[in-house]
Structures are given as C-alpha cells and as structure tokens.
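Q: Input model-v7.cif, format and content: mmCIF, C-alpha atoms and all ligand atoms.
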```
data_upload
#
loop_
_atom_site.group_PDB
_atom_site.id
_atom_site.type_symbol
_atom_site.label_atom_id
_atom_site.label_comp_id
_atom_site.auth_asym_id
_atom_site.auth_seq_id
_atom_site.Cartn_x
_atom_site.Cartn_y
_atom_site.Cartn_z
ATOM 1 C CA MET W 353 0.000 0.000 0.000
ATOM 2 C CA SER W 354 1.327 3.464 -0.811
ATOM 3 C CA SER W 355 1.719 5.826 2.119
ATOM 4 C CA PRO W 356 -0.435 8.963 2.183
ATOM 5 C CA ALA W 357 1.023 12.151 0.751
ATOM 6 C CA THR W 358 2.689 14.213 3.407
ATOM 7 C CA SER W 359 3.208 17.485 1.549
ATOM 8 C CA ASP W 360 0.880 20.411 1.967
ATOM 9 C CA ALA W 361 -1.318 21.339 -0.986
ATOM 10 C CA VAL W 362 -2.290 24.638 0.637
ATOM 11 C CA VAL W 363 -0.271 26.743 3.061
ATOM 12 C CA VAL W 364 -1.865 29.813 4.604
ATOM 13 C CA ASP W 365 0.550 31.982 6.530
ATOM 14 C CA HIS W 366 -0.546 34.889 8.714
ATOM 15 C CA LEU W 367 -3.385 35.703 6.344
ATOM 16 C CA ARG W 368 -5.160 38.961 7.077
ATOM 17 C CA VAL W 369 -8.312 40.020 5.265
ATOM 18 C CA LEU W 370 -10.451 43.108 5.739
ATOM 19 C CA ARG W 371 -13.918 43.212 4.222
ATOM 20 C CA GLY W 372 -16.133 46.248 4.388
ATOM 21 C CA GLY W 373 -13.545 47.852 6.688
ATOM 22 C CA ARG W 374 -13.814 44.968 9.165
ATOM 23 C CA GLU W 375 -11.106 42.503 10.036
ATOM 24 C CA VAL W 376 -12.679 39.254 8.858
ATOM 25 C CA LEU W 377 -9.530 37.120 9.080
ATOM 26 C CA PRO W 378 -7.144 38.791 11.539
ATOM 27 C CA ASP W 379 -4.143 36.432 11.336
ATOM 28 C CA LEU W 380 -4.856 32.983 10.015
ATOM 29 C CA ASP W 381 -2.453 30.051 9.633
ATOM 30 C CA LEU W 382 -3.531 26.808 8.019
ATOM 31 C CA ARG W 383 -2.042 23.825 6.238
ATOM 32 C CA VAL W 384 -4.084 21.523 4.042
ATOM 33 C CA PRO W 385 -2.235 18.233 3.483
ATOM 34 C CA ALA W 386 -2.285 16.915 -0.088
ATOM 35 C CA GLY W 387 -4.572 13.990 -0.802
ATOM 36 C CA GLN W 388 -6.919 14.655 2.086
ATOM 37 C CA VAL W 389 -10.463 15.844 2.570
ATOM 38 C CA VAL W 390 -10.303 18.780 4.943
ATOM 39 C CA GLY W 391 -13.572 20.091 6.315
ATOM 40 C CA LEU W 392 -13.949 23.756 7.110
ATOM 41 C CA LEU W 393 -16.707 23.992 9.674
ATOM 42 C CA GLY W 394 -18.124 26.768 11.757
ATOM 43 C CA PRO W 395 -20.918 29.249 12.153
ATOM 44 C CA SER W 396 -22.217 31.499 9.440
ATOM 45 C CA GLY W 397 -20.059 34.576 9.044
ATOM 46 C CA GLY W 398 -17.022 32.906 10.571
ATOM 47 C CA GLY W 399 -14.914 33.477 7.486
ATOM 48 C CA LYS W 400 -15.076 30.144 5.655
ATOM 49 C CA SER W 401 -15.970 31.615 2.272
ATOM 50 C CA THR W 402 -13.442 34.413 2.692
ATOM 51 C CA LEU W 403 -10.700 31.886 3.401
ATOM 52 C CA MET W 404 -11.727 29.816 0.373
ATOM 53 C CA ARG W 405 -11.739 32.901 -1.815
ATOM 54 C CA ALA W 406 -8.200 33.625 -0.636
ATOM 55 C CA VAL W 407 -7.140 30.053 -1.460
ATOM 56 C CA VAL W 408 -8.384 30.373 -5.029
ATOM 57 C CA GLY W 409 -6.916 33.850 -5.305
ATOM 58 C CA VAL W 410 -10.037 35.961 -5.798
ATOM 59 C CA GLN W 411 -9.944 37.682 -2.414
ATOM 60 C CA VAL W 412 -8.082 40.936 -1.890
ATOM 61 C CA THR W 413 -5.833 40.306 1.096
ATOM 62 C CA ASP W 414 -4.227 42.698 3.537
ATOM 63 C CA GLY W 415 -1.326 40.658 4.789
ATOM 64 C CA GLY W 416 0.289 37.249 4.914
ATOM 65 C CA SER W 417 0.410 34.730 2.105
ATOM 66 C CA VAL W 418 -1.472 31.826 0.598
ATOM 67 C CA THR W 419 0.456 29.192 -1.350
ATOM 68 C CA VAL W 420 -1.264 26.495 -3.391
ATOM 69 C CA LEU W 421 0.720 23.611 -4.898
ATOM 70 C CA GLY W 422 3.844 25.645 -4.264
ATOM 71 C CA GLU W 423 2.600 28.723 -6.142
ATOM 72 C CA PRO W 424 1.050 31.965 -4.891
ATOM 73 C CA ALA W 425 -2.758 31.590 -4.759
ATOM 74 C CA GLY W 426 -4.382 32.861 -7.923
ATOM 75 C CA SER W 427 -1.297 32.383 -10.114
ATOM 76 C CA PRO W 428 -2.210 31.786 -13.761
ATOM 77 C CA VAL W 429 -0.385 28.424 -13.628
ATOM 78 C CA LEU W 430 -2.903 27.258 -11.029
ATOM 79 C CA ARG W 431 -5.926 28.052 -13.155
ATOM 80 C CA HIS W 432 -6.459 24.491 -14.353
ATOM 81 C CA ARG W 433 -5.045 22.825 -11.260
ATOM 82 C CA VAL W 434 -7.502 24.323 -8.776
ATOM 83 C CA GLY W 435 -11.283 23.936 -8.982
ATOM 84 C CA TYR W 436 -13.641 26.237 -7.102
ATOM 85 C CA LEU W 437 -17.302 25.773 -6.342
ATOM 86 C CA THR W 438 -18.884 28.958 -5.026
ATOM 87 C CA GLN W 439 -22.130 29.103 -3.090
ATOM 88 C CA ALA W 440 -23.805 30.772 -6.066
ATOM 89 C CA PRO W 441 -24.094 28.250 -8.908
ATOM 90 C CA SER W 442 -21.973 29.398 -11.817
ATOM 91 C CA VAL W 443 -23.565 27.707 -14.795
ATOM 92 C CA TYR W 444 -25.379 29.010 -17.856
ATOM 93 C CA GLY W 445 -29.129 28.949 -17.239
ATOM 94 C CA ASP W 446 -30.053 28.705 -20.895
ATOM 95 C CA LEU W 447 -27.895 25.638 -21.550
ATOM 96 C CA THR W 448 -28.627 22.058 -20.557
ATOM 97 C CA VAL W 449 -26.632 20.371 -17.824
ATOM 98 C CA ARG W 450 -24.780 18.341 -20.465
ATOM 99 C CA ASP W 451 -23.925 21.381 -22.584
ATOM 100 C CA ASN W 452 -22.691 23.281 -19.530
ATOM 101 C CA VAL W 453 -20.431 20.473 -18.360
ATOM 102 C CA ARG W 454 -19.192 19.747 -21.890
ATOM 103 C CA TYR W 455 -18.449 23.435 -22.378
ATOM 104 C CA PHE W 456 -16.372 23.696 -19.185
ATOM 105 C CA GLY W 457 -14.802 20.321 -19.992
ATOM 106 C CA ARG W 458 -13.794 21.419 -23.496
ATOM 107 C CA VAL W 459 -12.090 24.520 -22.146
ATOM 108 C CA LEU W 460 -10.021 22.178 -19.974
ATOM 109 C CA GLY W 461 -9.352 19.661 -22.747
ATOM 110 C CA ARG W 462 -11.774 17.002 -21.450
ATOM 111 C CA THR W 463 -13.827 14.626 -23.564
ATOM 112 C CA GLY W 464 -17.588 14.241 -23.790
ATOM 113 C CA ALA W 465 -17.276 10.941 -21.929
ATOM 114 C CA GLU W 466 -15.478 12.717 -19.093
ATOM 115 C CA ALA W 467 -18.273 15.296 -18.994
ATOM 116 C CA ASP W 468 -20.847 12.499 -18.777
ATOM 117 C CA ALA W 469 -18.873 10.884 -15.946
ATOM 118 C CA ALA W 470 -18.898 14.174 -14.017
ATOM 119 C CA ILE W 471 -22.675 14.441 -14.507
ATOM 120 C CA GLU W 472 -23.034 10.864 -13.302
ATOM 121 C CA ALA W 473 -20.891 11.620 -10.235
ATOM 122 C CA VAL W 474 -23.298 14.319 -9.088
ATOM 123 C CA ALA W 475 -26.323 12.108 -9.827
ATOM 124 C CA LEU W 476 -27.708 14.333 -12.575
ATOM 125 C CA ALA W 477 -27.657 11.825 -15.439
ATOM 126 C CA ASP W 478 -31.470 11.827 -15.513
ATOM 127 C CA HIS W 479 -31.421 15.607 -15.965
ATOM 128 C CA ALA W 480 -28.497 15.863 -18.374
ATOM 129 C CA GLY W 481 -30.784 17.172 -21.119
ATOM 130 C CA THR W 482 -32.585 19.686 -18.884
ATOM 131 C CA ARG W 483 -31.905 23.408 -19.121
ATOM 132 C CA VAL W 484 -30.223 24.574 -15.929
ATOM 133 C CA ASP W 485 -32.783 27.326 -15.324
ATOM 134 C CA ARG W 486 -35.428 24.589 -14.994
ATOM 135 C CA LEU W 487 -33.573 22.771 -12.218
ATOM 136 C CA SER W 488 -34.102 23.036 -8.474
ATOM 137 C CA GLY W 489 -31.546 24.969 -6.424
ATOM 138 C CA GLY W 490 -29.854 21.785 -5.226
ATOM 139 C CA GLN W 491 -29.721 20.363 -8.754
ATOM 140 C CA ARG W 492 -28.264 23.599 -10.059
ATOM 141 C CA SER W 493 -25.527 23.552 -7.467
ATOM 142 C CA ARG W 494 -24.748 19.935 -8.410
ATOM 143 C CA ALA W 495 -24.555 20.974 -12.064
ATOM 144 C CA SER W 496 -22.032 23.592 -10.978
ATOM 145 C CA LEU W 497 -20.102 20.921 -9.089
ATOM 146 C CA ALA W 498 -20.007 18.735 -12.206
ATOM 147 C CA CYS W 499 -18.409 21.673 -14.052
ATOM 148 C CA VAL W 500 -15.670 21.682 -11.401
ATOM 149 C CA LEU W 501 -15.242 17.897 -11.361
ATOM 150 C CA VAL W 502 -14.933 17.599 -15.128
ATOM 151 C CA GLY W 503 -11.563 19.379 -15.027
ATOM 152 C CA ASP W 504 -10.246 16.815 -12.513
ATOM 153 C CA PRO W 505 -8.278 19.533 -10.699
ATOM 154 C CA GLU W 506 -5.603 18.606 -8.165
ATOM 155 C CA VAL W 507 -7.125 20.861 -5.530
ATOM 156 C CA LEU W 508 -10.877 21.303 -5.118
ATOM 157 C CA VAL W 509 -12.212 24.170 -3.047
ATOM 158 C CA LEU W 510 -15.892 23.516 -2.449
ATOM 159 C CA ASP W 511 -18.018 26.075 -0.631
ATOM 160 C CA GLU W 512 -20.993 24.274 0.914
ATOM 161 C CA PRO W 513 -21.466 21.716 -1.861
ATOM 162 C CA THR W 514 -24.039 19.699 0.079
ATOM 163 C CA VAL W 515 -26.224 22.528 1.354
ATOM 164 C CA GLY W 516 -29.924 21.790 0.922
ATOM 165 C CA LEU W 517 -29.389 18.214 -0.254
ATOM 166 C CA ASP W 518 -31.186 15.182 1.153
ATOM 167 C CA PRO W 519 -29.192 12.653 3.196
ATOM 168 C CA VAL W 520 -28.806 10.165 0.345
ATOM 169 C CA LEU W 521 -27.410 12.754 -2.068
ATOM 170 C CA ARG W 522 -25.170 14.142 0.661
ATOM 171 C CA ARG W 523 -23.780 10.698 1.350
ATOM 172 C CA ASP W 524 -23.214 10.085 -2.355
ATOM 173 C CA LEU W 525 -21.381 13.378 -2.798
ATOM 174 C CA TRP W 526 -19.196 12.624 0.184
ATOM 175 C CA ASP W 527 -18.369 9.303 -1.461
ATOM 176 C CA VAL W 528 -17.282 11.307 -4.503
ATOM 177 C CA PHE W 529 -15.050 13.518 -2.330
ATOM 178 C CA ARG W 530 -13.548 10.463 -0.638
ATOM 179 C CA GLY W 531 -12.925 8.937 -4.065
ATOM 180 C CA LEU W 532 -11.118 12.105 -5.176
ATOM 181 C CA ALA W 533 -8.836 11.986 -2.147
ATOM 182 C CA ALA W 534 -8.174 8.295 -2.763
ATOM 183 C CA ARG W 535 -6.843 9.375 -6.182
ATOM 184 C CA GLY W 536 -4.552 11.937 -4.564
ATOM 185 C CA ARG W 537 -6.761 14.984 -5.027
ATOM 186 C CA THR W 538 -7.009 17.506 -2.206
ATOM 187 C CA VAL W 539 -10.476 18.618 -1.169
ATOM 188 C CA LEU W 540 -11.127 21.651 1.013
ATOM 189 C CA VAL W 541 -14.841 21.646 1.706
ATOM 190 C CA SER W 542 -16.936 23.931 3.877
ATOM 191 C CA SER W 543 -20.106 22.943 5.650
ATOM 192 C CA HIS W 544 -22.499 24.035 8.351
ATOM 193 C CA VAL W 545 -23.467 20.448 8.955
ATOM 194 C CA MET W 546 -21.405 19.088 11.782
ATOM 195 C CA ASP W 547 -22.292 15.454 11.115
ATOM 196 C CA GLU W 548 -20.347 15.708 7.865
ATOM 197 C CA ALA W 549 -17.248 15.935 10.044
ATOM 198 C CA VAL W 550 -17.006 12.153 10.197
ATOM 199 C CA ARG W 551 -16.276 12.034 6.466
ATOM 200 C CA CYS W 552 -13.268 14.379 6.693
ATOM 201 C CA ASP W 553 -9.635 13.412 7.236
ATOM 202 C CA ARG W 554 -9.115 16.658 9.121
ATOM 203 C CA LEU W 555 -11.437 19.257 10.556
ATOM 204 C CA VAL W 556 -10.797 22.944 10.794
ATOM 205 C CA LEU W 557 -13.208 24.748 13.085
ATOM 206 C CA LEU W 558 -13.363 28.403 12.192
ATOM 207 C CA ARG W 559 -15.095 30.993 14.284
ATOM 208 C CA ALA W 560 -14.914 34.773 14.027
ATOM 209 C CA GLY W 561 -12.006 34.459 11.599
ATOM 210 C CA ARG W 562 -9.903 32.322 13.911
ATOM 211 C CA VAL W 563 -9.032 28.640 13.809
ATOM 212 C CA LEU W 564 -10.445 27.148 17.013
ATOM 213 C CA SER W 565 -9.190 23.702 16.161
ATOM 214 C CA ASP W 566 -7.363 21.900 13.359
ATOM 215 C CA SER W 567 -7.134 18.158 13.888
ATOM 216 C CA THR W 568 -8.640 14.801 13.064
ATOM 217 C CA LEU W 569 -12.086 14.106 14.475
ATOM 218 C CA PRO W 570 -10.794 11.436 16.916
ATOM 219 C CA ASP W 571 -8.180 13.898 18.238
ATOM 220 C CA LEU W 572 -10.832 16.595 18.556
ATOM 221 C CA LEU W 573 -13.154 14.292 20.490
ATOM 222 C CA ASP W 574 -10.268 13.140 22.694
ATOM 223 C CA ARG W 575 -9.216 16.679 23.457
ATOM 224 C CA THR W 576 -12.704 17.933 24.309
ATOM 225 C CA GLY W 577 -14.231 14.744 25.733
ATOM 226 C CA ALA W 578 -17.261 15.431 23.520
ATOM 227 C CA GLU W 579 -19.311 12.730 21.835
ATOM 228 C CA ASP W 580 -19.481 14.309 18.394
ATOM 229 C CA ALA W 581 -18.162 17.223 16.355
ATOM 230 C CA GLU W 582 -21.041 19.508 17.259
ATOM 231 C CA HIS W 583 -20.523 19.116 21.001
ATOM 232 C CA ALA W 584 -16.763 19.402 20.541
ATOM 233 C CA PHE W 585 -17.249 22.656 18.694
ATOM 234 C CA LEU W 586 -19.537 24.017 21.416
ATOM 235 C CA ALA W 587 -16.985 23.016 24.061
ATOM 236 C CA LEU W 588 -14.257 24.866 22.162
ATOM 237 C CA VAL W 589 -16.454 27.949 21.803
ATOM 238 C CA ASP W 590 -17.117 27.948 25.553
ATOM 239 C CA GLU W 591 -13.418 27.482 26.231
ATOM 240 C CA ALA W 592 -12.500 30.369 23.906
ATOM 241 C CA ASP W 593 -15.193 32.603 25.438
ATOM 242 C CA SER W 594 -13.986 31.896 28.960
ATOM 243 C CA ARG W 595 -10.488 33.017 27.958
ATOM 244 C CA GLU W 596 -11.659 36.271 26.372
ATOM 245 C CA PRO W 597 -12.076 39.285 28.656
ATOM 246 C CA SER W 598 -15.782 40.253 28.848
HETATM 247 N N1 LIG H 601 -18.760 41.498 0.224
HETATM 248 C C1 LIG H 601 -18.569 41.711 1.523
HETATM 249 N N2 LIG H 601 -18.354 42.941 2.003
HETATM 250 C C2 LIG H 601 -18.136 43.154 3.317
HETATM 251 N N3 LIG H 601 -18.150 42.192 4.242
HETATM 252 C C3 LIG H 601 -18.374 40.942 3.821
HETATM 253 C C4 LIG H 601 -18.597 40.623 2.450
HETATM 254 N N4 LIG H 601 -18.793 39.313 2.362
HETATM 255 C C5 LIG H 601 -18.696 38.817 3.593
HETATM 256 N N5 LIG H 601 -18.453 39.788 4.487
HETATM 257 C C6 LIG H 601 -18.266 39.636 5.925
HETATM 258 O O1 LIG H 601 -17.164 38.792 6.160
HETATM 259 C C7 LIG H 601 -17.406 37.933 7.258
HETATM 260 C C8 LIG H 601 -17.107 36.514 6.850
HETATM 261 O O2 LIG H 601 -17.991 36.145 5.818
HETATM 262 P P1 LIG H 601 -17.848 34.743 5.092
HETATM 263 O O3 LIG H 601 -18.820 34.755 3.949
HETATM 264 O O4 LIG H 601 -16.431 34.482 4.806
HETATM 265 O O5 LIG H 601 -18.353 33.747 6.228
HETATM 266 P P2 LIG H 601 -18.800 32.227 6.122
HETATM 267 O O6 LIG H 601 -18.208 31.552 7.304
HETATM 268 O O7 LIG H 601 -18.455 31.677 4.792
HETATM 269 O O8 LIG H 601 -20.365 32.339 6.269
HETATM 270 P P3 LIG H 601 -21.509 31.412 5.623
HETATM 271 O O9 LIG H 601 -21.335 30.084 6.276
HETATM 272 O O10 LIG H 601 -22.762 32.105 6.020
HETATM 273 O O11 LIG H 601 -21.280 31.371 4.153
HETATM 274 C C9 LIG H 601 -18.853 38.155 7.678
HETATM 275 O O12 LIG H 601 -18.846 38.944 8.847
HETATM 276 C C10 LIG H 601 -19.458 38.915 6.540
HETATM 277 O O13 LIG H 601 -20.410 39.831 7.010
#
```
I need this file expressed as structure tokens, please.
Ligand SMILES: Nc1ncnc2c1ncn2[C@@H]1O[C@H](COP(=O)(O)OP(=O)(O)OP(=O)(O)O)[C@@H](O)[C@H]1O

A:
Amino acid sequence: MSSPATSDAVVVDHLRVLRGGREVLPDLDLRVPAGQVVGLLGPSGGGKSTLMRAVVGVQVTDGGSVTVLGEPAGSPVLRHRVGYLTQAPSVYGDLTVRDNVRYFGRVLGRTGAEADAAIEAVALADHAGTRVDRLSGGQRSRASLACVLVGDPEVLVLDEPTVGLDPVLRRDLWDVFRGLAARGRTVLVSSHVMDEAVRCDRLVLLRAGRVLSDSTLPDLLDRTGAEDAEHAFLALVDEADSREPS
C-alpha cells in the first residue's frame, strides 16, 4: 500500500483580510495536506468563504500569504489545477446540464465521456438534457459541481457543496469527495453540517475568523471529551469565550 502524501497542498501563513472595513480574518495560519479531505466547519459569518476565496486567489488580502501547490494563490499556472465551487451556482441557465459540463470540460481539454462521468458523479444523469434554469436549487448547485469535477483539478475548493441536499445525495457526494482523495486529489470543503465531520480526514473549526481547532475528528473528540463534532465545537467555543475578557 502506498503511504499517504505528506506534503501540503495549501499553506496559509498569517493571512489577514479586511472586508467592508472589518477585520474578517485577523491572522490565520492553516495547512491543508495533499490527498486529504479537509472540512472547514463553523458558524455562518465565521470566514469560511473568505478563506476559500483567498485560497483560489479571488480575495483581496491585507497581509500574509497563501500558497497552493507551491505557487502563490491565484497564479495563472494554477488556473487548471484548482477547482472552485462557489455558493452561487456558476452555470449558464439557458444551456442544458450536459452542454454546460461539456463546455467547461472542453475549455479544460476534457472529452464528452469525461463530462458524462462528471454528470453521473453528481447524480444528474437523468437531468443531463434539462436546461439549468429549470432545475431546483440543489440540482443547479450539483450541475455547478459537475463543471468543477470535469476538469479533474488537483485541488478542489468547495463552498458548501451539500447545502440543501437530502441525506442520500449528501452521502453520495461525500463518497465522490472520498474517491477524489483516494486518487490523490485535495479537497477543502466547507459545511455548516457538523455530522459531515465524520467524512473528513481533518477538521478545521473556524469561528470569528480564527481557527479554534485543526485536527482529526478522533483527536478533537479526545481533546474535548465530547461525543461528536457539534458538542466538541460548542466546548471549544465555551473554552475560547472563557479566555476572552468580557
Ligand atoms: N462582500 C462583503 N463585504 C463586506 N463584508 C463581507 C462581504 N462578504 C462577507 N463579508 C463579511 O465577512 C465575514 C465573513 O464572511 P464569510 O462569507 O467568509 O463567512 P462564512 O463563514 O463563509 O459564512 P456562511 O457560512 O454564512 O457562508 C462576515 O462577517 C461577513 O459579514
């Protein structure tokens, strides 16, 4: 059996981001090991999307650095090596699912068969011929995900890919993410849903722009004595609050 990759696909060093004049990420350090699924969890407004935007290089930053696959985030050489799923589906409404995925695939030199495989992976084969503007919100976001998957990027940055999906679809998508990591891809995925923590190799708990914890789930549960990720997170919040002056 080959040993897991030990290099870091993403290195965030003292990242500082201001948005709307507010310090959203004051001073953030993070390492995302290659070939792993790393979950970015935490409350709404905690800075998950901002961090992801910095990793793909679309966020104006105010200090520190973000390195992806050894290159500065956003470098042109990373364009085809990093895939990004935003919370707002980025697909053409007046094209079918198949035409969207084939279009993005063609830009990246992928075949029609590879586009079909990406559609299959997000369980949209039955809707491949449907115009995207006639899909539900969850289907639309899966169509967007297929457009990311078709490029088979080395690093996937997925902002809430399972939001609003039923448990079966969520499980199936997590199987896809696990399969990507098994092939050496790195997946940084954000979620509000704490029970998705069990599917991650590592968990980063982000709150108010700070990393409360960065560890495996077993280590997190050990450290906090909690029974699951949600209770562990609450314990860490309480611990952080008790340290802050009121
Ligand atoms: N365009 C913007 N202009 C100014 N402030 C912003 C902007 N977008 C986000 N923010 C602020 O940045 C902070 C972090 O937002 P961010 O979207 O990164 O959080 P999040 O953890 O991804 O939240 P959610 O889970 O709700 O998507 C929030 O306080 C938010 O109000």

Q: Restrict the calculation to only C-alpha atoms and all ligand atoms, then for each residue of chain W with any atom at most 10 Å from an atom of ligand LIG 601 (chain H) give the closest atom pair and their distance in Å to one decimal, rows by chain and rising residue number, as CSV.

A:
```
residue,atom,partner,partner_atom,distance
W:Val369,CA,H:LIG601,O1,9.0
W:Leu370,CA,H:LIG601,N3,7.9
W:Arg371,CA,H:LIG601,C2,4.3
W:Gly372,CA,H:LIG601,C2,3.8
W:Gly373,CA,H:LIG601,C2,7.4
W:Arg374,CA,H:LIG601,N3,7.1
W:Glu375,CA,H:LIG601,O1,8.1
W:Val376,CA,H:LIG601,C7,5.2
W:Leu377,CA,H:LIG601,C8,7.9
W:Leu392,CA,H:LIG601,O6,8.9
W:Leu393,CA,H:LIG601,O6,8.1
W:Gly394,CA,H:LIG601,O6,6.5
W:Pro395,CA,H:LIG601,O9,6.0
W:Ser396,CA,H:LIG601,O10,3.5
W:Gly397,CA,H:LIG601,O5,3.4
W:Gly398,CA,H:LIG601,O6,3.7
W:Gly399,CA,H:LIG601,O4,3.2
W:Lys400,CA,H:LIG601,O6,3.8
W:Ser401,CA,H:LIG601,O7,3.5
W:Thr402,CA,H:LIG601,O4,3.7
W:Leu403,CA,H:LIG601,O4,6.4
W:Met404,CA,H:LIG601,O4,8.0
W:Arg405,CA,H:LIG601,O4,8.3
W:Ala406,CA,H:LIG601,O4,9.9
W:Gln411,CA,H:LIG601,N1,10.0
W:Thr438,CA,H:LIG601,O11,9.8
W:Gln439,CA,H:LIG601,O11,7.6
W:Asp511,CA,H:LIG601,O7,7.8
W:Glu512,CA,H:LIG601,O11,7.8
W:Ser542,CA,H:LIG601,O9,7.9
W:Ser543,CA,H:LIG601,O9,7.3
W:His544,CA,H:LIG601,O9,6.5
W:Leu558,CA,H:LIG601,O6,7.6
W:Arg559,CA,H:LIG601,O6,7.7
W:Ala560,CA,H:LIG601,C8,7.7
W:Gly561,CA,H:LIG601,C8,7.3
```

Q: Spell out the residues picked by the PyMOL selection byres (((chain W and resi 499-507) around 6) and not hetatm) here, as a list of chain:residue names.

A: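 Applying the PyMOL selection byres (((chain W and resi 499-507) around 6) and not hetatm) to the structure shown produces W:Arg433, W:Val434, W:Gly435, W:Val453, W:Phe456, W:Gly457, W:Leu460, W:Ala467, W:Ala470, W:Ser496, W:Leu497, W:Ala498, W:Leu508, W:Arg537, W:Thr538, W:Val539.
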
Q: Suppose you want the space between atom CA of Leu367 of chain W and atom CA of Gln388 of chain W; what is it in Å?

A: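 Straight-line distance from atom CA of Leu367 of chain W to atom CA of Gln388 of chain W works out to 21.8 Å.
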
Q: Atom CA of Ala581 of chain W to atom CA of Glu548 of chain W: how many Å, to one decimal?

A: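 For atom CA of Ala581 of chain W relative to atom CA of Glu548 of chain W, the distance reads 8.9 Å.
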
Q: For a test of reading the model, state the distance in Å between atom CA of Gly391 of chain W and atom CA of Asp553 of chain W, rounded to one decimal.

A: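 Those two atoms sit 7.8 Å apart.
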
Q: Please provide the set of residues having any atom within 12 Å of Leu476 of chain W, restricted to only C-alpha atoms, with same-chain residues fewer than 6 positions apart removed, written as a list in words.

A: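 That gives Thr448, Val449, Arg450, Val453, Ala467, Asp468, Ala469, Ala470, Thr482, Arg483, Val484, Leu487, Ser488, Gly490, Gln491, Arg492, Ser493, Arg494, Ala495, Ser496, Leu497, Ala498, Cys499, Leu521, Asp524 and Leu525 of chain W.
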